[in-house]
file target05.pdb (PDB, C-alpha atoms)
MODEL        1
ATOM      1  CA  MET C   1     -61.451-209.108  39.198
ATOM      2  CA  ARG C   2     -58.056-208.901  40.812
ATOM      3  CA  SER C   3     -56.039-205.582  40.640
ATOM      4  CA  TRP C   4     -55.297-206.624  40.735
ATOM      5  CA  LEU C   5     -57.791-208.063  43.350
ATOM      6  CA  PHE C   6     -58.336-204.548  44.670
ATOM      7  CA  PRO C   7     -58.105-202.198  41.682
ATOM      8  CA  SER C   8     -57.293-198.583  42.384
ATOM      9  CA  VAL C   9     -60.277-196.309  42.085
ATOM     10  CA  LEU C  10     -60.006-194.002  39.122
ATOM     11  CA  SER C  11     -60.765-190.454  40.114
ATOM     12  CA  ALA C  12     -63.628-189.208  37.997
ATOM     13  CA  VAL C  13     -63.569-185.547  37.047
ATOM     14  CA  MET C  14     -67.012-184.034  37.184
ATOM     15  CA  LEU C  15     -67.953-182.736  33.774
ATOM     16  CA  VAL C  16     -69.970-179.665  32.936
ATOM     17  CA  GLY C  17     -73.295-180.941  31.706
ATOM     18  CA  PRO C  18     -76.549-182.342  33.014
ATOM     19  CA  ALA C  19     -77.320-181.919  36.688
ATOM     20  CA  MET C  20     -76.915-184.787  39.069
ATOM     21  CA  ALA C  21     -80.137-186.748  39.452
ATOM     22  CA  ALA C  22     -81.639-186.451  42.891
ATOM     23  CA  PRO C  23     -79.867-188.876  45.222
ATOM     24  CA  GLU C  24     -81.941-191.383  47.175
ATOM     25  CA  PRO C  25     -81.330-193.470  50.284
ATOM     26  CA  ALA C  26     -79.682-196.570  48.847
ATOM     27  CA  ILE C  27     -81.605-199.418  50.443
ATOM     28  CA  PRO C  28     -85.136-198.180  49.618
ATOM     29  CA  ALA C  29     -83.930-197.407  46.092
ATOM     30  CA  LEU C  30     -82.672-200.961  45.598
ATOM     31  CA  LEU C  31     -85.889-202.456  46.945
ATOM     32  CA  LYS C  32     -87.843-200.284  44.516
ATOM     33  CA  ARG C  33     -85.764-201.546  41.575
ATOM     34  CA  ALA C  34     -86.574-205.108  42.573
ATOM     35  CA  ASP C  35     -90.204-204.339  41.753
ATOM     36  CA  GLN C  36     -89.117-203.505  38.195
ATOM     37  CA  TYR C  37     -86.279-205.923  37.400
ATOM     38  CA  ALA C  38     -85.844-209.657  37.921
ATOM     39  CA  VAL C  39     -82.110-209.184  38.423
ATOM     40  CA  VAL C  40     -80.401-206.341  40.284
ATOM     41  CA  ALA C  41     -76.620-206.700  40.095
ATOM     42  CA  LEU C  42     -74.192-205.051  42.513
ATOM     43  CA  GLY C  43     -70.648-204.628  41.153
ATOM     44  CA  GLU C  44     -68.129-204.578  43.979
ATOM     45  CA  ASN C  45     -64.432-204.459  44.699
ATOM     46  CA  HIS C  46     -63.566-207.370  46.942
ATOM     47  CA  TRP C  47     -62.757-207.444  50.679
ATOM     48  CA  SER C  48     -64.364-204.021  51.273
ATOM     49  CA  GLN C  49     -65.406-203.324  54.860
ATOM     50  CA  ALA C  50     -68.033-200.754  53.869
ATOM     51  CA  LYS C  51     -69.616-203.111  51.375
ATOM     52  CA  GLY C  52     -69.681-205.979  53.837
ATOM     53  CA  ARG C  53     -71.579-203.800  56.298
ATOM     54  CA  PHE C  54     -73.905-202.554  53.576
ATOM     55  CA  TYR C  55     -74.798-206.078  52.424
ATOM     56  CA  GLN C  56     -75.724-207.097  55.953
ATOM     57  CA  SER C  57     -77.861-203.985  56.451
ATOM     58  CA  LEU C  58     -79.563-204.624  53.133
ATOM     59  CA  VAL C  59     -80.505-208.261  53.751
ATOM     60  CA  ARG C  60     -81.705-207.440  57.282
ATOM     61  CA  THR C  61     -84.021-204.676  56.045
ATOM     62  CA  PRO C  62     -87.708-205.541  56.567
ATOM     63  CA  GLY C  63     -89.244-206.368  53.203
ATOM     64  CA  PHE C  64     -85.985-207.465  51.564
ATOM     65  CA  ALA C  65     -86.990-211.135  51.373
ATOM     66  CA  GLU C  66     -90.358-210.184  49.894
ATOM     67  CA  ARG C  67     -88.618-208.577  46.933
ATOM     68  CA  PHE C  68     -85.499-210.695  46.531
ATOM     69  CA  ASN C  69     -86.123-214.386  47.081
ATOM     70  CA  THR C  70     -82.637-215.231  45.755
ATOM     71  CA  ILE C  71     -79.119-213.917  46.276
ATOM     72  CA  VAL C  72     -76.454-214.931  43.749
ATOM     73  CA  LEU C  73     -72.852-214.812  44.949
ATOM     74  CA  GLU C  74     -69.599-215.025  43.026
ATOM     75  CA  CYS C  75     -67.885-216.185  46.212
ATOM     76  CA  GLY C  76     -69.299-219.710  46.238
ATOM     77  CA  ASN C  77     -68.443-223.039  44.618
ATOM     78  CA  SER C  78     -71.633-224.428  43.062
ATOM     79  CA  ARG C  79     -70.372-227.935  43.797
ATOM     80  CA  TYR C  80     -71.469-227.295  47.383
ATOM     81  CA  GLN C  81     -74.912-225.876  46.588
ATOM     82  CA  ALA C  82     -76.679-228.632  48.538
ATOM     83  CA  THR C  83     -74.583-227.834  51.618
ATOM     84  CA  LEU C  84     -75.343-224.136  51.207
ATOM     85  CA  ASP C  85     -79.077-224.858  50.905
ATOM     86  CA  ARG C  86     -79.000-226.868  54.131
ATOM     87  CA  TYR C  87     -77.133-224.082  55.907
ATOM     88  CA  MET C  88     -79.570-221.420  54.703
ATOM     89  CA  ASN C  89     -82.539-223.558  55.730
ATOM     90  CA  GLY C  90     -81.268-223.576  59.311
ATOM     91  CA  GLU C  91     -79.944-227.126  59.486
ATOM     92  CA  GLU C  92     -76.927-227.978  61.607
ATOM     93  CA  VAL C  93     -73.907-227.531  59.357
ATOM     94  CA  SER C  94     -70.397-227.386  60.794
ATOM     95  CA  TYR C  95     -68.017-224.543  59.955
ATOM     96  CA  ARG C  96     -65.647-226.969  58.258
ATOM     97  CA  GLU C  97     -68.516-228.162  56.060
ATOM     98  CA  ILE C  98     -69.946-224.775  55.100
ATOM     99  CA  SER C  99     -66.526-223.182  54.591
ATOM    100  CA  HIS C 100     -66.024-225.356  51.493
ATOM    101  CA  VAL C 101     -68.511-223.016  49.795
ATOM    102  CA  TRP C 102     -66.151-220.007  49.788
ATOM    103  CA  ARG C 103     -62.802-221.741  50.351
ATOM    104  CA  ASP C 104     -62.988-224.173  47.451
ATOM    105  CA  THR C 105     -63.816-221.798  44.621
ATOM    106  CA  THR C 106     -61.698-221.332  41.518
ATOM    107  CA  LYS C 107     -59.983-218.364  43.222
ATOM    108  CA  ALA C 108     -57.443-219.443  45.825
ATOM    109  CA  VAL C 109     -57.384-216.940  48.720
ATOM    110  CA  GLY C 110     -59.956-214.805  46.894
ATOM    111  CA  TRP C 111     -62.733-215.107  49.483
ATOM    112  CA  GLU C 112     -60.742-215.510  52.707
ATOM    113  CA  SER C 113     -61.819-212.056  53.895
ATOM    114  CA  PRO C 114     -64.414-212.753  56.621
ATOM    115  CA  ILE C 115     -66.993-210.397  55.125
ATOM    116  CA  TYR C 116     -68.302-213.194  52.866
ATOM    117  CA  ALA C 117     -68.701-215.797  55.610
ATOM    118  CA  ASP C 118     -70.320-213.077  57.729
ATOM    119  CA  LEU C 119     -72.774-212.252  54.948
ATOM    120  CA  LEU C 120     -73.833-215.896  54.656
ATOM    121  CA  ALA C 121     -74.310-216.046  58.426
ATOM    122  CA  ALA C 122     -76.438-212.885  58.307
ATOM    123  CA  ILE C 123     -78.694-214.315  55.581
ATOM    124  CA  ARG C 124     -79.054-217.546  57.558
ATOM    125  CA  ASP C 125     -80.057-215.459  60.576
ATOM    126  CA  VAL C 126     -82.679-213.600  58.532
ATOM    127  CA  ASN C 127     -84.048-216.914  57.257
ATOM    128  CA  ARG C 128     -84.589-218.120  60.809
ATOM    129  CA  GLY C 129     -87.377-215.579  61.124
ATOM    130  CA  LEU C 130     -89.055-216.389  57.809
ATOM    131  CA  PRO C 131     -91.661-219.069  57.014
ATOM    132  CA  ALA C 132     -90.383-222.145  55.169
ATOM    133  CA  GLY C 133     -91.717-221.035  51.792
ATOM    134  CA  GLN C 134     -90.322-217.509  52.066
ATOM    135  CA  LYS C 135     -86.692-218.114  52.985
ATOM    136  CA  ILE C 136     -84.024-216.481  50.846
ATOM    137  CA  ARG C 137     -82.138-218.915  48.662
ATOM    138  CA  VAL C 138     -78.444-218.229  48.160
ATOM    139  CA  LEU C 139     -76.855-219.487  44.958
ATOM    140  CA  ALA C 140     -73.157-220.257  44.739
ATOM    141  CA  ALA C 141     -72.369-219.124  41.197
ATOM    142  CA  ASP C 142     -68.757-220.164  40.674
ATOM    143  CA  ALA C 143     -67.870-223.211  38.569
ATOM    144  CA  PRO C 144     -67.874-226.557  40.448
ATOM    145  CA  ILE C 145     -64.115-227.008  40.564
ATOM    146  CA  ASP C 146     -62.833-230.167  42.268
ATOM    147  CA  TRP C 147     -59.377-229.240  43.528
ATOM    148  CA  SER C 148     -58.479-232.888  44.127
ATOM    149  CA  LYS C 149     -58.370-233.220  40.333
ATOM    150  CA  VAL C 150     -56.303-230.080  39.773
ATOM    151  CA  ALA C 151     -52.608-230.907  39.543
ATOM    152  CA  ASN C 152     -51.240-227.941  37.605
ATOM    153  CA  HIS C 153     -52.088-224.538  36.155
ATOM    154  CA  SER C 154     -53.465-226.072  32.960
ATOM    155  CA  ASP C 155     -55.908-228.162  34.998
ATOM    156  CA  TRP C 156     -56.925-225.036  36.888
ATOM    157  CA  GLU C 157     -57.565-223.088  33.683
ATOM    158  CA  SER C 158     -59.666-225.962  32.351
ATOM    159  CA  ALA C 159     -61.862-225.792  35.448
ATOM    160  CA  LEU C 160     -62.680-222.118  34.947
ATOM    161  CA  ALA C 161     -66.029-221.256  33.414
ATOM    162  CA  GLY C 162     -66.272-217.563  34.267
ATOM    163  CA  ASN C 163     -69.128-215.381  33.097
ATOM    164  CA  ASP C 164     -70.762-218.110  31.034
ATOM    165  CA  PHE C 165     -71.255-220.235  34.119
ATOM    166  CA  PHE C 166     -72.355-217.291  36.285
ATOM    167  CA  ALA C 167     -74.965-216.377  33.684
ATOM    168  CA  SER C 168     -76.190-219.973  33.334
ATOM    169  CA  VAL C 169     -76.837-220.185  37.090
ATOM    170  CA  ILE C 170     -78.896-216.995  36.975
ATOM    171  CA  GLN C 171     -80.754-218.084  33.859
ATOM    172  CA  GLN C 172     -81.654-221.539  35.179
ATOM    173  CA  GLU C 173     -82.223-220.832  38.856
ATOM    174  CA  VAL C 174     -83.640-217.302  38.732
ATOM    175  CA  LEU C 175     -85.123-216.256  35.398
ATOM    176  CA  ALA C 176     -86.461-219.662  34.350
ATOM    177  CA  LYS C 177     -88.219-219.952  37.712
ATOM    178  CA  ASN C 178     -89.594-216.396  37.667
ATOM    179  CA  HIS C 179     -87.624-215.519  40.776
ATOM    180  CA  ARG C 180     -86.008-212.192  41.612
ATOM    181  CA  ALA C 181     -82.351-212.015  42.504
ATOM    182  CA  LEU C 182     -79.786-209.725  44.007
ATOM    183  CA  VAL C 183     -76.429-210.528  42.406
ATOM    184  CA  ILE C 184     -73.143-209.639  44.146
ATOM    185  CA  MET C 185     -70.031-209.984  41.988
ATOM    186  CA  GLY C 186     -66.911-208.128  41.022
ATOM    187  CA  ALA C 187     -67.853-205.066  38.989
ATOM    188  CA  ASN C 188     -66.073-206.342  35.878
ATOM    189  CA  HIS C 189     -68.502-209.278  35.718
ATOM    190  CA  VAL C 190     -71.707-207.233  35.747
ATOM    191  CA  THR C 191     -71.047-204.031  33.799
ATOM    192  CA  ARG C 192     -72.511-203.649  30.308
ATOM    193  CA  GLY C 193     -70.341-203.983  27.246
ATOM    194  CA  LYS C 194     -67.129-205.973  27.214
ATOM    195  CA  GLY C 195     -65.147-206.735  30.338
ATOM    196  CA  TRP C 196     -61.612-205.494  30.887
ATOM    197  CA  HIS C 197     -60.190-208.429  28.948
ATOM    198  CA  GLY C 198     -62.653-208.227  26.066
ATOM    199  CA  GLU C 199     -64.975-210.898  27.420
ATOM    200  CA  THR C 200     -68.790-210.711  27.386
ATOM    201  CA  THR C 201     -69.982-209.914  30.884
ATOM    202  CA  VAL C 202     -72.706-211.693  32.850
ATOM    203  CA  THR C 203     -75.050-208.789  32.147
ATOM    204  CA  GLY C 204     -74.193-208.929  28.449
ATOM    205  CA  LEU C 205     -75.014-212.633  28.323
ATOM    206  CA  LEU C 206     -78.304-212.241  30.179
ATOM    207  CA  GLU C 207     -79.393-209.255  28.097
ATOM    208  CA  LYS C 208     -78.781-210.838  24.700
ATOM    209  CA  GLY C 209     -82.465-211.585  24.384
ATOM    210  CA  ALA C 210     -83.814-208.825  26.596
ATOM    211  CA  ARG C 211     -82.013-205.487  26.508
ATOM    212  CA  HIS C 212     -81.688-203.731  29.871
ATOM    213  CA  SER C 213     -83.416-206.551  31.732
ATOM    214  CA  VAL C 214     -80.680-206.405  34.396
ATOM    215  CA  TYR C 215     -80.352-203.347  36.633
ATOM    216  CA  VAL C 216     -76.628-202.721  37.193
ATOM    217  CA  VAL C 217     -75.398-200.832  40.238
ATOM    218  CA  LEU C 218     -71.741-199.934  40.758
ATOM    219  CA  LEU C 219     -70.426-199.881  44.312
ATOM    220  CA  TRP C 220     -66.979-198.514  43.480
ATOM    221  CA  GLY C 221     -64.880-196.898  40.789
ATOM    222  CA  LEU C 222     -66.272-193.345  40.796
ATOM    223  CA  ASP C 223     -64.914-190.596  43.037
ATOM    224  CA  ILE C 224     -67.826-188.389  44.016
ATOM    225  CA  LYS C 225     -66.716-187.221  47.464
ATOM    226  CA  THR C 226     -66.150-183.650  46.238
ATOM    227  CA  ASP C 227     -69.554-183.255  44.591
ATOM    228  CA  PRO C 228     -71.913-181.051  46.640
ATOM    229  CA  GLU C 229     -74.819-183.409  45.990
ATOM    230  CA  VAL C 230     -73.136-186.070  48.105
ATOM    231  CA  THR C 231     -73.931-184.154  51.283
ATOM    232  CA  ALA C 232     -77.650-183.997  50.530
ATOM    233  CA  ILE C 233     -78.362-187.163  52.485
ATOM    234  CA  PRO C 234     -76.064-189.387  54.558
ATOM    235  CA  PRO C 235     -74.595-192.507  52.940
ATOM    236  CA  PRO C 236     -75.379-195.025  51.682
ATOM    237  CA  VAL C 237     -76.625-192.908  48.791
ATOM    238  CA  PHE C 238     -78.052-194.102  45.472
ATOM    239  CA  TYR C 239     -77.368-192.067  42.289
ATOM    240  CA  PRO C 240     -79.016-192.862  38.934
ATOM    241  CA  LEU C 241     -76.521-192.440  36.072
ATOM    242  CA  ALA C 242     -78.470-192.046  32.818
ATOM    243  CA  GLY C 243     -78.377-188.473  31.579
ATOM    244  CA  THR C 244     -76.596-187.177  34.662
ATOM    245  CA  ARG C 245     -73.315-185.403  35.233
ATOM    246  CA  LEU C 246     -72.009-188.438  37.122
ATOM    247  CA  GLY C 247     -73.113-190.686  34.270
ATOM    248  CA  LYS C 248     -70.848-188.745  31.895
ATOM    249  CA  THR C 249     -67.740-189.353  34.001
ATOM    250  CA  ASN C 250     -65.008-191.822  33.123
ATOM    251  CA  TYR C 251     -65.253-195.420  34.281
ATOM    252  CA  PHE C 252     -62.235-197.333  32.991
ATOM    253  CA  GLY C 253     -62.421-195.891  29.506
ATOM    254  CA  HIS C 254     -66.214-195.721  29.247
ATOM    255  CA  ARG C 255     -68.846-193.301  30.381
ATOM    256  CA  ALA C 256     -70.336-194.577  33.609
ATOM    257  CA  GLU C 257     -73.863-194.463  32.192
ATOM    258  CA  GLU C 258     -72.798-196.823  29.386
ATOM    259  CA  VAL C 259     -71.793-199.595  31.769
ATOM    260  CA  ALA C 260     -74.270-199.235  34.646
ATOM    261  CA  ASP C 261     -77.602-197.790  35.697
ATOM    262  CA  ALA C 262     -76.699-196.401  39.110
ATOM    263  CA  TYR C 263     -73.937-195.852  41.622
ATOM    264  CA  ILE C 264     -74.079-196.293  45.389
ATOM    265  CA  TYR C 265     -71.833-194.130  47.540
ATOM    266  CA  LEU C 266     -71.041-195.771  50.877
ATOM    267  CA  GLY C 267     -69.008-192.987  52.439
ATOM    268  CA  SER C 268     -65.456-191.695  52.360
ATOM    269  CA  SER C 269     -63.959-194.438  54.537
ATOM    270  CA  ASP C 270     -63.623-197.885  53.033
ATOM    271  CA  GLY C 271     -60.871-200.089  54.380
ATOM    272  CA  VAL C 272     -60.056-203.637  53.395
ATOM    273  CA  VAL C 273     -60.991-206.515  55.705
ATOM    274  CA  LEU C 274     -57.973-208.808  55.515
ATOM    275  CA  PRO C 275     -57.988-212.549  56.132
ATOM    276  CA  ASP C 276     -57.043-213.627  59.627
ATOM    277  CA  TRP C 277     -53.783-215.184  58.528
ATOM    278  CA  SER C 278     -52.791-216.365  62.003
ATOM    279  CA  GLU C 279     -56.035-218.316  62.346
ATOM    280  CA  LEU C 280     -55.657-219.755  58.872
ATOM    281  CA  GLU C 281     -52.132-220.937  59.631
ATOM    282  CA  LYS C 282     -53.314-222.662  62.800
ATOM    283  CA  ASP C 283     -55.339-225.012  60.626
ATOM    284  CA  LYS C 284     -52.317-226.926  59.335
ATOM    285  CA  THR C 285     -54.347-229.112  57.008
ATOM    286  CA  TYR C 286     -56.116-226.234  55.266
ATOM    287  CA  TRP C 287     -52.999-224.048  55.204
ATOM    288  CA  THR C 288     -51.150-226.777  53.308
ATOM    289  CA  VAL C 289     -54.068-226.990  50.870
ATOM    290  CA  LEU C 290     -54.126-223.214  50.450
ATOM    291  CA  GLU C 291     -50.392-223.053  49.750
ATOM    292  CA  ARG C 292     -50.706-225.791  47.142
ATOM    293  CA  ARG C 293     -53.591-224.067  45.373
ATOM    294  CA  HIS C 294     -51.809-220.723  45.428
ATOM    295  CA  GLN C 295     -48.770-222.280  43.780
ATOM    296  CA  ILE C 296     -50.946-223.868  41.100
ATOM    297  CA  GLU C 297     -52.959-220.742  40.327
ATOM    298  CA  PHE C 298     -50.240-218.094  40.573
ATOM    299  CA  GLY C 299     -46.981-220.001  40.222
ATOM    300  CA  CYS C 300     -45.413-218.714  43.433
ATOM    301  CA  PRO C 301     -45.607-219.377  47.200
ATOM    302  CA  LEU C 302     -48.377-217.807  49.251
ATOM    303  CA  ASP C 303     -47.102-214.579  50.835
ATOM    304  CA  PRO C 304     -49.635-212.938  53.203
ATOM    305  CA  VAL C 305     -47.575-209.734  53.267
ATOM    306  CA  ARG C 306     -48.106-209.188  49.542
ATOM    307  CA  TRP C 307     -51.841-209.842  49.924
ATOM    308  CA  ASN C 308     -52.034-207.422  52.864
ATOM    309  CA  ARG C 309     -50.367-204.766  50.731
ATOM    310  CA  GLN C 310     -52.794-205.492  47.895
ATOM    311  CA  GLN C 311     -49.920-206.338  45.584
ATOM    312  CA  ARG C 312     -49.815-209.007  42.930
ATOM    313  CA  PRO C 313     -49.234-212.394  44.606
ATOM    314  CA  CYS C 314     -45.931-213.008  42.800
ATOM    315  CA  PRO C 315     -42.960-210.586  42.785
TER     316      PRO C 315
ENDMDL
END

call {"tool": "encode", "arguments": {"input": "target05.pdb", "output": "structure tokens"}}
result
Amino acid sequence: MRSWLFPSVLSAVMLVGPAMAAPEPAIPALLKRADQYAVVALGENHWSQAKGRFYQSLVRTPGFAERFNTIVLECGNSRYQATLDRYMNGEEVSYREISHVWRDTTKAVGWESPIYADLLAAIRDVNRGLPAGQKIRVLAADAPIDWSKVANHSDWESALAGNDFFASVIQQEVLAKNHRALVIMGANHVTRGKGWHGETTVTGLLEKGARHSVYVVLLWGLDIKTDPEVTAIPPPVFYPLAGTRLGKTNYFGHRAEEVADAYIYLGSSDGVVLPDWSELEKDKTYWTVLERRHQIEFGCPLDPVRWNRQQRPCP
């Protein structure tokens, strides 16, 4: 889900047709869906400041842990699941140790925005106040790549497992255990139908044997700022899509209601939280590692300016 990494939002033209379903405050609406679905999937665009704030508000809401005992994140290397479990259980885990979770994924640079480390810290903080048997488990859903064994782009491609691996983590660690999970991934991984490159999405894989068993919520990609309904209640606002005017709007070549069940509007301001490049460069060891991985994945040197401008990494 790169853009490249930050795809431009397609402006959706409101169509004449069914009325907009009554909007709801977003967090209570999500908690209510958890009573009906084992998996609620949030489809994001990455590095979003508004979404980072929303995630923290959501997990800190009283009653969240009672409904979602698991959070599944794209931004984590499953090779470090044991480290992540220790961190979430409140054990002493150094930053260098826990940072392997989001730094060593299959996506070089992809999760260097601090919103993901901050989200993990927020969940850990919530867990401190919960009894041992009620703590939220966080699952790192990315393939267990071992970068020490990746010498070239072909090796990197061989280490990718994509949606199949994401879905297997959810199937084995959530559904098979009768748990309930909030899933946070790039929108292209969780929408219904085929992904942008023709691949079966995580939702498609999970719903093969149980249609509409996943509740899919988009967090970006629809422009609804000009709709009068948006002022009914302050953001974050939850809009059901099925049979609504918003559901008939265009979402990358599909009607929105075909690919998702709801949309959450987080407000008109949504900047990107960039990596702290100066701090990253101070860590000479990791910076050298990051440059090497960038060259392997993209075939060009790491250029922070291009990332800051949300351009493709290579000219």

call {"tool": "resolve_selection", "arguments": {"input": "target05.pdb", "expression": "the PyMOL selection byres ((chain C and resi 119) around 9)", "output": "number ranges by chain"}}
result
C: 52-53, 55-56, 59, 114-118, 120-124

call {"tool": "resolve_selection", "arguments": {"input": "target05.pdb", "expression": "the PyMOL selection byres ((chain C and resi 82-89) around 7)", "output": "list of chain:residue names"}}
result
C:Tyr80, C:Gln81, C:Gly90, C:Glu91, C:Glu92, C:Val93, C:Ile98, C:Arg124, C:Asn127

call {"tool": "closest_residue", "arguments": {"input": "target05.pdb", "among": "C:Pro315, C:Pro236, C:Gly133, C:Gly63", "to": "Leu302 of chain C", "atoms": "only C-alpha atoms"}}
result
C:Pro315

call {"tool": "closest_residue", "arguments": {"input": "target05.pdb", "among": "C:Gly193, C:Pro234, C:Pro240, C:Pro144", "to": "Arg33 of chain C", "atoms": "all atoms listed in the file"}}
result
C:Pro240

call {"tool": "closest_residue", "arguments": {"input": "target05.pdb", "among": "C:Leu58, C:Leu139, C:Ile145, C:Ala242", "to": "Glu258 of chain C", "atoms": "all atoms listed in the file"}}
result
C:Ala242

call {"tool": "resolve_selection", "arguments": {"input": "target05.pdb", "expression": "the PyMOL selection byres ((chain C and resi 24-26) around 9)", "output": "PyMOL selection string"}}
result
chain C and resi 22-23+27-31+233-240+264-266

call {"tool": "write_last_selection", "arguments": {"input": "target05.pdb", "atoms": "C-alpha atoms", "output": "PDB file, in the frame of the given file"}}
result
ATOM      1  CA  ALA C  22     -81.639-186.451  42.891  1.00  0.00           C
ATOM      2  CA  PRO C  23     -79.867-188.876  45.222  1.00  0.00           C
ATOM      3  CA  ILE C  27     -81.605-199.418  50.443  1.00  0.00           C
ATOM      4  CA  PRO C  28     -85.136-198.180  49.618  1.00  0.00           C
ATOM      5  CA  ALA C  29     -83.930-197.407  46.092  1.00  0.00           C
ATOM      6  CA  LEU C  30     -82.672-200.961  45.598  1.00  0.00           C
ATOM      7  CA  LEU C  31     -85.889-202.456  46.945  1.00  0.00           C
ATOM      8  CA  ILE C 233     -78.362-187.163  52.485  1.00  0.00           C
ATOM      9  CA  PRO C 234     -76.064-189.387  54.558  1.00  0.00           C
ATOM     10  CA  PRO C 235     -74.595-192.507  52.940  1.00  0.00           C
ATOM     11  CA  PRO C 236     -75.379-195.025  51.682  1.00  0.00           C
ATOM     12  CA  VAL C 237     -76.625-192.908  48.791  1.00  0.00           C
ATOM     13  CA  PHE C 238     -78.052-194.102  45.472  1.00  0.00           C
ATOM     14  CA  TYR C 239     -77.368-192.067  42.289  1.00  0.00           C
ATOM     15  CA  PRO C 240     -79.016-192.862  38.934  1.00  0.00           C
ATOM     16  CA  ILE C 264     -74.079-196.293  45.389  1.00  0.00           C
ATOM     17  CA  TYR C 265     -71.833-194.130  47.540  1.00  0.00           C
ATOM     18  CA  LEU C 266     -71.041-195.771  50.877  1.00  0.00           C
TER      19      LEU C 266
END

call {"tool": "atom_distance", "arguments": {"input": "target05.pdb", "atom1": "atom CA of Thr200 of chain C", "atom2": "atom CA of Ile224 of chain C"}}
result
27.9 Å

call {"tool": "closest_residue", "arguments": {"input": "target05.pdb", "among": "C:Cys314, C:Leu290, C:Val138, C:Val202", "to": "Leu42 of chain C", "atoms": "all atoms listed in the file"}}
result
C:Val202

call {"tool": "residues_near_point", "arguments": {"input": "target05.pdb", "point": "(-58.8, -213.9, 57.7)", "cutoff": "10 Å", "atoms": "all atoms listed in the file", "output": "PyMOL selection string"}}
result
chain C and resi 109+111-115+273-281

call {"tool": "closest_residue", "arguments": {"input": "target05.pdb", "among": "C:Arg79, C:Arg137, C:Arg103, C:Arg312", "to": "Arg293 of chain C", "atoms": "all atoms listed in the file"}}
result
C:Arg103

call {"tool": "residues_near_point", "arguments": {"input": "target05.pdb", "point": "(-88.9, -207.3, 50.6)", "cutoff": "12 Å", "atoms": "all atoms listed in the file", "output": "PyMOL selection string"}}
result
chain C and resi 27-35+58-70+126+130+134-136+180-182

call {"tool": "closest_residue", "arguments": {"input": "target05.pdb", "among": "C:Ala140, C:Ala167, C:Val40, C:Val272", "to": "Leu73 of chain C", "atoms": "all atoms listed in the file"}}
result
C:Ala140

call {"tool": "residues_around", "arguments": {"input": "target05.pdb", "residues": "segment 156-160 of chain C", "least_positions_apart": "2", "cutoff": "10 Å", "atoms": "only C-alpha atoms", "output": "mmCIF file with C-alpha atoms, in the frame of the given file"}}
result
data_model
loop_
_atom_site.group_PDB
_atom_site.id
_atom_site.type_symbol
_atom_site.label_atom_id
_atom_site.label_comp_id
_atom_site.auth_asym_id
_atom_site.auth_seq_id
_atom_site.Cartn_x
_atom_site.Cartn_y
_atom_site.Cartn_z
ATOM 1 C CA THR C 105 -63.816 -221.798 44.621
ATOM 2 C CA THR C 106 -61.698 -221.332 41.518
ATOM 3 C CA LYS C 107 -59.983 -218.364 43.222
ATOM 4 C CA ASP C 142 -68.757 -220.164 40.674
ATOM 5 C CA ALA C 143 -67.870 -223.211 38.569
ATOM 6 C CA PRO C 144 -67.874 -226.557 40.448
ATOM 7 C CA ILE C 145 -64.115 -227.008 40.564
ATOM 8 C CA ASP C 146 -62.833 -230.167 42.268
ATOM 9 C CA TRP C 147 -59.377 -229.240 43.528
ATOM 10 C CA LYS C 149 -58.370 -233.220 40.333
ATOM 11 C CA VAL C 150 -56.303 -230.080 39.773
ATOM 12 C CA ALA C 151 -52.608 -230.907 39.543
ATOM 13 C CA ASN C 152 -51.240 -227.941 37.605
ATOM 14 C CA HIS C 153 -52.088 -224.538 36.155
ATOM 15 C CA SER C 154 -53.465 -226.072 32.960
ATOM 16 C CA GLY C 162 -66.272 -217.563 34.267
ATOM 17 C CA ASN C 163 -69.128 -215.381 33.097
ATOM 18 C CA ASP C 164 -70.762 -218.110 31.034
ATOM 19 C CA PHE C 165 -71.255 -220.235 34.119
ATOM 20 C CA ARG C 293 -53.591 -224.067 45.373
ATOM 21 C CA ILE C 296 -50.946 -223.868 41.100
ATOM 22 C CA GLU C 297 -52.959 -220.742 40.327
#
